[in-house]
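**Q** Sharing input-v8.csv here; it has CSV, C-alpha atoms and all ligand atoms.
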chain,number,residue,atom,x,y,z
A,1,MET,CA,46.3,85.5,121.3
A,2,LEU,CA,50.0,85.6,120.1
A,3,SER,CA,50.2,81.9,119.5
A,4,SER,CA,47.8,80.1,117.2
A,5,ARG,CA,47.9,77.2,119.8
A,6,ALA,CA,46.6,79.3,122.7
A,7,PRO,CA,42.9,80.0,122.8
A,8,GLU,CA,43.1,82.7,125.5
A,9,THR,CA,42.6,86.4,124.6
A,10,LEU,CA,44.6,89.2,126.2
A,11,ALA,CA,41.7,90.0,128.5
A,12,ASP,CA,41.9,86.4,129.9
A,13,VAL,CA,45.5,86.8,131.0
A,14,ILE,CA,45.5,90.3,132.4
A,15,VAL,CA,46.1,90.5,136.2
A,16,PRO,CA,46.1,93.4,138.6
A,17,GLY,CA,49.5,95.0,139.3
A,18,ILE,CA,50.7,96.1,142.7
A,19,TRP,CA,49.5,99.7,142.3
A,20,ASP,CA,46.0,101.0,141.7
A,21,GLY,CA,45.3,101.6,138.0
A,22,LEU,CA,48.0,99.2,136.9
A,23,SER,CA,47.3,95.9,135.1
A,24,VAL,CA,49.9,93.5,134.0
A,25,VAL,CA,50.2,90.7,131.4
A,26,PRO,CA,53.2,88.7,132.8
A,27,THR,CA,55.1,86.0,131.1
A,28,THR,CA,57.8,83.7,132.3
A,29,GLY,CA,59.9,84.1,129.2
A,30,THR,CA,59.9,80.5,128.2
A,31,GLU,CA,56.3,80.7,126.8
A,32,LEU,CA,57.4,83.8,124.8
A,33,ALA,CA,60.4,81.9,123.4
A,34,ALA,CA,58.0,79.2,122.1
A,35,VAL,CA,55.8,81.9,120.4
A,36,ARG,CA,58.9,83.5,118.9
A,37,ASP,CA,59.9,80.3,117.3
A,38,GLU,CA,56.3,79.7,116.1
A,39,LEU,CA,56.2,83.2,114.5
A,40,ILE,CA,59.3,82.5,112.5
A,41,THR,CA,57.4,80.2,110.2
A,42,ALA,CA,53.9,81.6,110.8
A,43,GLY,CA,53.5,83.3,107.4
A,44,ALA,CA,51.2,86.2,106.4
A,45,GLY,CA,50.0,88.4,109.2
A,46,ARG,CA,52.5,87.2,111.8
A,47,GLU,CA,53.6,90.8,112.5
A,48,MET,CA,50.1,91.9,113.4
A,49,ARG,CA,49.2,89.4,116.2
A,50,LEU,CA,49.9,91.7,119.1
A,51,ARG,CA,48.3,94.7,117.4
A,52,GLU,CA,45.2,92.6,116.8
A,53,ALA,CA,45.2,91.2,120.4
A,54,LEU,CA,45.5,94.7,121.9
A,55,ALA,CA,42.9,96.4,119.7
A,56,PRO,CA,39.7,95.4,121.7
A,57,LEU,CA,41.3,96.6,125.0
A,58,LEU,CA,42.8,99.9,124.0
A,59,ALA,CA,39.7,101.9,125.0
A,60,ASP,CA,40.1,100.7,128.7
A,61,TYR,CA,43.6,102.0,129.2
A,62,GLU,CA,45.3,105.4,129.1
A,63,LEU,CA,48.8,104.0,128.4
A,64,VAL,CA,50.0,100.6,127.3
A,65,LEU,CA,53.7,99.8,127.8
A,66,ILE,CA,55.1,96.9,125.9
A,67,ASP,CA,58.4,95.8,127.5
A,68,CYS,CA,60.7,94.3,124.9
A,69,ALA,CA,63.8,92.1,125.3
A,70,PRO,CA,67.0,93.5,123.8
A,71,SER,CA,66.5,91.5,120.6
A,72,LEU,CA,65.2,92.4,117.2
A,73,ASP,CA,63.2,89.3,116.7
A,74,GLN,CA,59.6,88.7,115.7
A,75,LEU,CA,58.3,89.5,119.2
A,76,THR,CA,59.9,93.0,118.9
A,77,VAL,CA,58.6,93.4,115.4
A,78,ASN,CA,55.1,92.6,116.8
A,79,ALA,CA,55.6,95.2,119.5
A,80,LEU,CA,56.7,97.9,117.0
A,81,THR,CA,53.8,97.0,114.8
A,82,ALA,CA,51.4,97.5,117.7
A,83,ALA,CA,52.9,100.7,119.1
A,84,ASP,CA,52.3,104.4,118.5
A,85,ALA,CA,55.8,105.2,119.7
A,86,VAL,CA,59.1,103.7,120.8
A,87,LEU,CA,61.0,104.6,123.9
A,88,ILE,CA,64.6,103.5,123.5
A,89,ILE,CA,66.6,102.7,126.6
A,90,SER,CA,70.3,102.8,125.9
A,91,GLN,CA,73.6,103.0,127.6
A,92,ALA,CA,76.7,105.0,127.0
A,93,LYS,CA,78.6,102.0,125.6
A,94,LEU,CA,80.0,100.9,122.2
A,95,TYR,CA,77.6,98.0,121.9
A,96,SER,CA,74.6,100.3,122.7
A,97,LEU,CA,75.6,102.6,119.8
A,98,ASN,CA,75.7,99.6,117.4
A,99,GLY,CA,72.5,98.4,118.8
A,100,LEU,CA,70.8,101.8,118.3
A,101,ASP,CA,71.7,101.6,114.5
A,102,ALA,CA,70.2,98.1,114.3
A,103,LEU,CA,67.1,99.1,116.1
A,104,LEU,CA,66.6,102.2,113.9
A,105,THR,CA,66.9,100.0,110.8
A,106,THR,CA,64.3,97.7,112.2
A,107,ILE,CA,62.0,100.6,113.1
A,108,SER,CA,62.2,102.0,109.5
A,109,GLY,CA,61.5,98.5,108.1
A,110,VAL,CA,58.4,98.3,110.4
A,111,ARG,CA,57.3,101.8,109.2
A,112,SER,CA,57.6,100.8,105.6
A,113,TYR,CA,55.7,97.6,105.8
A,114,TYR,CA,53.4,97.5,108.9
A,115,ASN,CA,53.1,100.7,110.8
A,116,ALA,CA,53.7,103.9,108.9
A,117,ASP,CA,52.9,106.2,111.9
A,118,LEU,CA,55.4,104.6,114.3
A,119,ARG,CA,57.4,107.4,116.1
A,120,VAL,CA,60.5,107.4,118.3
A,121,ALA,CA,59.5,109.2,121.5
A,122,GLY,CA,63.2,109.6,122.6
A,123,ILE,CA,66.1,107.9,124.1
A,124,ILE,CA,66.8,107.3,127.8
A,125,VAL,CA,70.5,106.8,128.7
A,126,ASN,CA,70.5,104.4,131.7
A,127,LEU,CA,73.2,103.1,134.0
A,128,TYR,CA,75.6,106.0,133.3
A,129,ASN,CA,78.8,106.2,135.3
A,130,PRO,CA,80.0,109.8,135.1
A,131,ARG,CA,83.4,108.9,136.7
A,132,THR,CA,84.7,107.1,133.7
A,133,ILE,CA,86.2,108.9,130.7
A,134,SER,CA,85.0,106.2,128.2
A,135,ALA,CA,81.4,106.6,129.4
A,136,ARG,CA,81.6,110.4,128.7
A,137,GLY,CA,83.0,109.8,125.3
A,138,TRP,CA,80.3,107.2,124.4
A,139,LEU,CA,77.6,109.6,125.7
A,140,ASP,CA,78.9,112.3,123.3
A,141,GLU,CA,78.9,109.8,120.4
A,142,LEU,CA,75.4,108.6,121.3
A,143,THR,CA,74.0,112.1,121.6
A,144,THR,CA,75.6,113.2,118.3
A,145,ALA,CA,74.2,110.0,116.6
A,146,ALA,CA,70.8,110.6,118.1
A,147,HIS,CA,70.6,114.3,117.1
A,148,GLY,CA,71.9,113.4,113.6
A,149,ARG,CA,68.8,111.3,113.2
A,150,GLY,CA,66.4,113.8,114.6
A,151,LEU,CA,66.0,111.9,117.9
A,152,SER,CA,66.1,113.5,121.4
A,153,VAL,CA,68.1,112.1,124.4
A,154,PHE,CA,66.1,112.8,127.5
A,155,GLU,CA,67.7,114.9,130.2
A,156,PRO,CA,68.9,114.3,132.8
A,157,ILE,CA,70.5,111.0,131.9
A,158,MET,CA,70.1,108.2,134.5
A,159,ASN,CA,73.2,107.3,136.5
A,160,SER,CA,73.8,103.9,138.0
A,161,ARG,CA,72.3,104.2,141.5
A,162,VAL,CA,72.1,101.6,144.2
A,163,VAL,CA,68.8,102.8,145.4
A,164,ILE,CA,67.2,101.9,142.1
A,165,ALA,CA,68.4,98.3,142.3
A,166,ASP,CA,67.3,98.2,146.0
A,167,ALA,CA,63.8,99.5,145.4
A,168,SER,CA,63.2,97.3,142.4
A,169,GLU,CA,64.4,94.2,144.3
A,170,ALA,CA,62.0,95.1,147.1
A,171,ALA,CA,59.2,95.7,144.6
A,172,ARG,CA,58.7,99.2,145.8
A,173,GLY,CA,58.4,102.4,143.7
A,174,LEU,CA,61.1,105.0,144.1
A,175,ASP,CA,58.3,107.4,145.3
A,176,GLU,CA,57.5,104.9,148.1
A,177,TRP,CA,61.0,104.3,149.2
A,178,GLY,CA,61.2,107.2,151.6
A,179,SER,CA,64.6,108.7,151.0
A,180,SER,CA,65.1,112.1,149.4
A,181,ASP,CA,67.4,110.8,146.7
A,182,ALA,CA,64.8,108.1,145.7
A,183,ARG,CA,62.2,110.9,145.5
A,184,GLU,CA,64.4,112.9,143.2
A,185,LEU,CA,65.0,109.9,141.0
A,186,ALA,CA,61.2,109.3,140.9
A,187,ASP,CA,60.8,112.9,139.7
A,188,VAL,CA,63.3,112.2,136.9
A,189,TYR,CA,61.2,109.1,135.8
A,190,ASP,CA,58.1,111.3,135.9
A,191,ALA,CA,59.9,113.7,133.6
A,192,TYR,CA,60.8,110.8,131.2
A,193,LEU,CA,57.1,109.8,131.2
A,194,THR,CA,56.0,113.4,130.4
A,195,ALA,CA,58.6,113.7,127.6
A,196,THR,CA,57.6,110.2,126.3
A,197,LEU,CA,53.9,111.2,126.0
A,198,GLU,CA,54.8,114.4,124.4
A,199,GLY,CA,57.1,112.6,121.9
A,200,ALA,CA,54.4,110.0,121.4
A,201,ASN,CA,51.8,112.6,120.6
A,202,ALA,CA,54.0,114.8,118.4
A,301,LIG,N1,70.0,103.2,136.8
A,301,LIG,C1,70.1,102.1,137.5
A,301,LIG,N2,70.9,102.0,138.6
A,301,LIG,C2,71.0,100.9,139.3
A,301,LIG,N3,70.4,99.7,139.0
A,301,LIG,C3,69.6,99.8,137.9
A,301,LIG,C4,69.4,100.9,137.1
A,301,LIG,N4,68.5,100.6,136.1
A,301,LIG,C5,68.2,99.3,136.3
A,301,LIG,N5,68.8,98.8,137.3
A,301,LIG,C6,68.7,97.5,137.9
A,301,LIG,O1,69.2,96.5,136.9
A,301,LIG,C7,68.4,95.4,136.9
A,301,LIG,C8,67.9,95.1,135.5
A,301,LIG,O2,67.0,96.2,135.1
A,301,LIG,P1,65.9,96.1,134.0
A,301,LIG,O3,65.1,94.9,134.3
A,301,LIG,O4,65.3,97.4,133.8
A,301,LIG,O5,66.9,95.8,132.8
A,301,LIG,P2,66.5,95.1,131.4
A,301,LIG,O6,67.6,95.7,130.4
A,301,LIG,O7,65.1,95.4,131.0
A,301,LIG,O8,66.8,93.6,131.6
A,301,LIG,P3,66.2,92.4,130.8
A,301,LIG,O9,67.0,92.3,129.5
A,301,LIG,O10,66.4,91.2,131.7
A,301,LIG,O11,64.7,92.7,130.5
A,301,LIG,C9,67.2,95.6,137.9
A,301,LIG,O12,67.5,95.0,139.1
A,301,LIG,C10,67.2,97.1,138.1
A,301,LIG,O13,66.8,97.5,139.3
A,302,MG,MG,63.7,94.3,130.4
Would you encode the structure as structure tokens?
Ligand SMILES: Nc1ncnc2c1ncn2[C@@H]1O[C@H](COP(=O)(O)OP(=O)(O)OP(=O)(O)O)[C@@H](O)[C@H]1O
Ligand SMILES: [Mg+2]
**A**
Amino acid sequence: MLSSRAPETLADVIVPGIWDGLSVVPTTGTELAAVRDELITAGAGREMRLREALAPLLADYELVLIDCAPSLDQLTVNALTAADAVLIISQAKLYSLNGLDALLTTISGVRSYYNADLRVAGIIVNLYNPRTISARGWLDELTTAAHGRGLSVFEPIMNSRVVIADASEAARGLDEWGSSDARELADVYDAYLTATLEGANA
């Protein structure tokens, strides 16, 4: 699939997820690091490998999420080349603002060369701490920068919440956690999904 040294197709490595209707293609990270290194010198077509690997499976799935590491390497370029839309997860921090610029430059490069129809669905601001003045300032900067580029910041933004870390450590959905604050947060993620699909289809 991604690596010319691996004979398996994507269909060979899909496993069922913990919820009905969810399938997962897990990696340990070290295999992907080897593929990333291989792609650097792979030559023509290297950006297309994930797109080509996904193509035969697309009819079987309603939505495919490609989780990217916070790095603008060949793996991310492969994901952007395969995608209809990008959902950007950011934080209200200086380095996130700089990262946003670098990501948008990469996205426009991918549009020019490999995937003209790639859209940005929107930006989720995660791990927000409303009690600090600096976070409020960076949120303003991020929102202004996003709007200046015609991008939407999804509302409400996501605060840093212990219940999110607890639920994910216990491998439970927020909708399964049982507390009312977890339920409310699950509704926010539902709203993000709706907004993402609308942005993706726009
Ligand atoms: N809003 C939040 N409040 C509290 N904890 C959070 C929040 N968002 C994420 N976390 C926790 O932070 C940890 C890392 O989250 P996640 O895996 O989504 O980050 P990531 O940026 O994708 O990391 P990586 O770069 O390792 O892929 C997880 O344990 C998750 O539960
Ligand atoms: Mg991650």
**Q** Could you report the residues within 8 Å of ligand MG 302 (chain A), using all atoms listed in the file, as an mmCIF file with C-alpha atoms, in the coordinates of the input?
**A**
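And here is the file that came out, pocket19.cif:
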data_model
loop_
_atom_site.group_PDB
_atom_site.id
_atom_site.type_symbol
_atom_site.label_atom_id
_atom_site.label_comp_id
_atom_site.auth_asym_id
_atom_site.auth_seq_id
_atom_site.Cartn_x
_atom_site.Cartn_y
_atom_site.Cartn_z
ATOM 1 C CA ASP A 67 58.400 95.800 127.500
ATOM 2 C CA CYS A 68 60.700 94.300 124.900
ATOM 3 C CA ALA A 69 63.800 92.100 125.300
ATOM 4 C CA PRO A 70 67.000 93.500 123.800
#
**Q** From the list A:Leu80, A:Ala167, A:Leu57, A:Leu193, which residue is nearest ligand LIG 301 (chain A) when using all atoms listed in the file?
**A** A:Ala167
**Q** Here is a test: counting all atoms listed in the file, which residue of A:Ala165, A:Leu54, A:Ile14, A:Ala83 is nearest to ligand LIG 301 (chain A)?
**A** A:Ala165
**Q** When the cut-off is 10 Å and you count only C-alpha atoms and all ligand atoms, which residues lie near ligand LIG 301 (chain A), shown as a ChimeraX atom specification?
**A** /A:29,67-71,89-91,125-129,157-171,185
**Q** Using only C-alpha atoms, which of the listed residues (A:Ala135, A:Val24, A:Ala82, A:Val153) sits closest to Ala11 (chain A)?
**A**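 Once distances to Ala11 (chain A) are computed over only C-alpha atoms, the minimum belongs to A:Val24.
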**Q** I want to know what sits within 12 Å of Glu155 (chain A), based on all atoms listed in the file, with residues of the same chain fewer than 6 positions away left out; could you give that as a PyMOL selection string?
**A** chain A and resi 122-126+143+187-196
**Q** Grab the CA of Arg111 (chain A) to CA of Ala146 (chain A) distance for me, in Å with one decimal place.
**A** 18.4 Å
**Q** Rank A:Leu174, A:Ala85, A:Leu94, A:Val77 by their smallest atom-to-atom distance to Trp138 (chain A), using all atoms listed in the file, and report the top residue only.
**A**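 Among the listed residues, A:Leu94 lies closest to Trp138 (chain A).
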**Q** Just the number, please: distance in Å from CA of Arg49 (chain A) to CA of Gly17 (chain A), one decimal.
**A**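 Here the two named atoms are 23.8 Å from each other.
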**Q** Kindly indicate which residue among A:Asp37, A:Tyr113, A:Leu104, A:Asp175 lies nearest to Leu151 (chain A), using all atoms listed in the file for the distances.
**A** A:Leu104
**Q** Find, counting only C-alpha atoms, the residue in A:Leu75, A:Val13, A:Ile18, A:Leu50 that gets nearest to Glu38 (chain A).
**A**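 Checking each candidate against Glu38 (chain A), we get A:Leu75 as the closest.
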**Q** Applying 12 Å and all atoms listed in the file, which residues near Asp12 (chain A) remain after dropping the ones on its own chain fewer than 5 positions away? List them as a list in words.
**A**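 Selected residues are Met1, Ala6, Pro7, Val24, Val25, Pro26, Ala53 and Leu57 of chain A.
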**Q** Please report the interatomic distance between CA of Ala42 (chain A) and CA of Asn78 (chain A) in Å with one decimal.
**A**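 According to the coordinates, CA of Ala42 (chain A) and CA of Asn78 (chain A) are separated by 12.6 Å.
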**Q** May I have the residues within 12 Å of Gly109 (chain A) as a list in words, using only C-alpha atoms and disregarding those fewer than 3 positions away in the same chain?
**A**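 Counting only the stated atoms, we get Glu47, Leu72, Val77, Leu80, Thr81, Ala102, Leu103, Leu104, Thr105, Thr106, Ser112, Tyr113, Tyr114, Asn115, Ala116 and Leu118 of chain A.
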**Q** Using only the atoms of region 51-68 of chain A listed in the file, plus 4 Å on each side, state the axis-aligned box centre and edge lengths in Å rounded to one decimal, as JSON.
**A**
{"center_x": 50.2, "center_y": 98.3, "center_z": 123.0, "size_x": 29.0, "size_y": 22.2, "size_z": 20.4}
**Q** Emit a file covering region 79-93 of chain A of the preceding structure with N, CA and C atoms, as an mmCIF file, in the first residue's frame.
**A**
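Full text of selection-v1.cif as output:
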data_model
loop_
_atom_site.group_PDB
_atom_site.id
_atom_site.type_symbol
_atom_site.label_atom_id
_atom_site.label_comp_id
_atom_site.auth_asym_id
_atom_site.auth_seq_id
_atom_site.Cartn_x
_atom_site.Cartn_y
_atom_site.Cartn_z
ATOM 1 N N ALA A 79 -1.901 12.548 2.738
ATOM 2 C CA ALA A 79 -3.255 12.673 3.290
ATOM 3 C C ALA A 79 -4.007 13.814 2.608
ATOM 4 N N LEU A 80 -3.345 14.946 2.410
ATOM 5 C CA LEU A 80 -3.994 16.104 1.777
ATOM 6 C C LEU A 80 -4.321 15.807 0.316
ATOM 7 N N THR A 81 -3.507 15.002 -0.326
ATOM 8 C CA THR A 81 -3.755 14.641 -1.728
ATOM 9 C C THR A 81 -4.951 13.697 -1.832
ATOM 10 N N ALA A 82 -5.156 12.885 -0.782
ATOM 11 C CA ALA A 82 -6.255 11.919 -0.798
ATOM 12 C C ALA A 82 -7.577 12.533 -0.347
ATOM 13 N N ALA A 83 -7.531 13.693 0.329
ATOM 14 C CA ALA A 83 -8.710 14.204 1.048
ATOM 15 C C ALA A 83 -9.601 15.092 0.185
ATOM 16 N N ASP A 84 -10.897 15.140 0.561
ATOM 17 C CA ASP A 84 -11.803 16.151 0.003
ATOM 18 C C ASP A 84 -11.675 17.445 0.798
ATOM 19 N N ALA A 85 -11.461 17.307 2.114
ATOM 20 C CA ALA A 85 -11.453 18.488 2.975
ATOM 21 C C ALA A 85 -10.504 18.291 4.150
ATOM 22 N N VAL A 86 -10.031 19.399 4.680
ATOM 23 C CA VAL A 86 -9.125 19.372 5.833
ATOM 24 C C VAL A 86 -9.837 19.981 7.032
ATOM 25 N N LEU A 87 -9.794 19.285 8.165
ATOM 26 C CA LEU A 87 -10.270 19.844 9.427
ATOM 27 C C LEU A 87 -9.033 20.175 10.239
ATOM 28 N N ILE A 88 -8.852 21.446 10.543
ATOM 29 C CA ILE A 88 -7.646 21.876 11.238
ATOM 30 C C ILE A 88 -7.932 21.945 12.740
ATOM 31 N N ILE A 89 -7.103 21.251 13.534
ATOM 32 C CA ILE A 89 -7.214 21.343 14.991
ATOM 33 C C ILE A 89 -6.084 22.245 15.456
ATOM 34 N N SER A 90 -6.438 23.321 16.142
ATOM 35 C CA SER A 90 -5.416 24.275 16.544
ATOM 36 C C SER A 90 -5.559 24.607 18.027
ATOM 37 N N GLN A 91 -4.662 25.424 18.507
ATOM 38 C CA GLN A 91 -4.774 25.914 19.879
ATOM 39 C C GLN A 91 -4.565 27.418 19.857
ATOM 40 N N ALA A 92 -5.022 28.070 20.945
ATOM 41 C CA ALA A 92 -4.845 29.517 21.019
ATOM 42 C C ALA A 92 -3.458 29.799 21.593
ATOM 43 N N LYS A 93 -2.450 29.542 20.772
ATOM 44 C CA LYS A 93 -1.047 29.722 21.194
ATOM 45 C C LYS A 93 -0.261 30.290 20.024
#
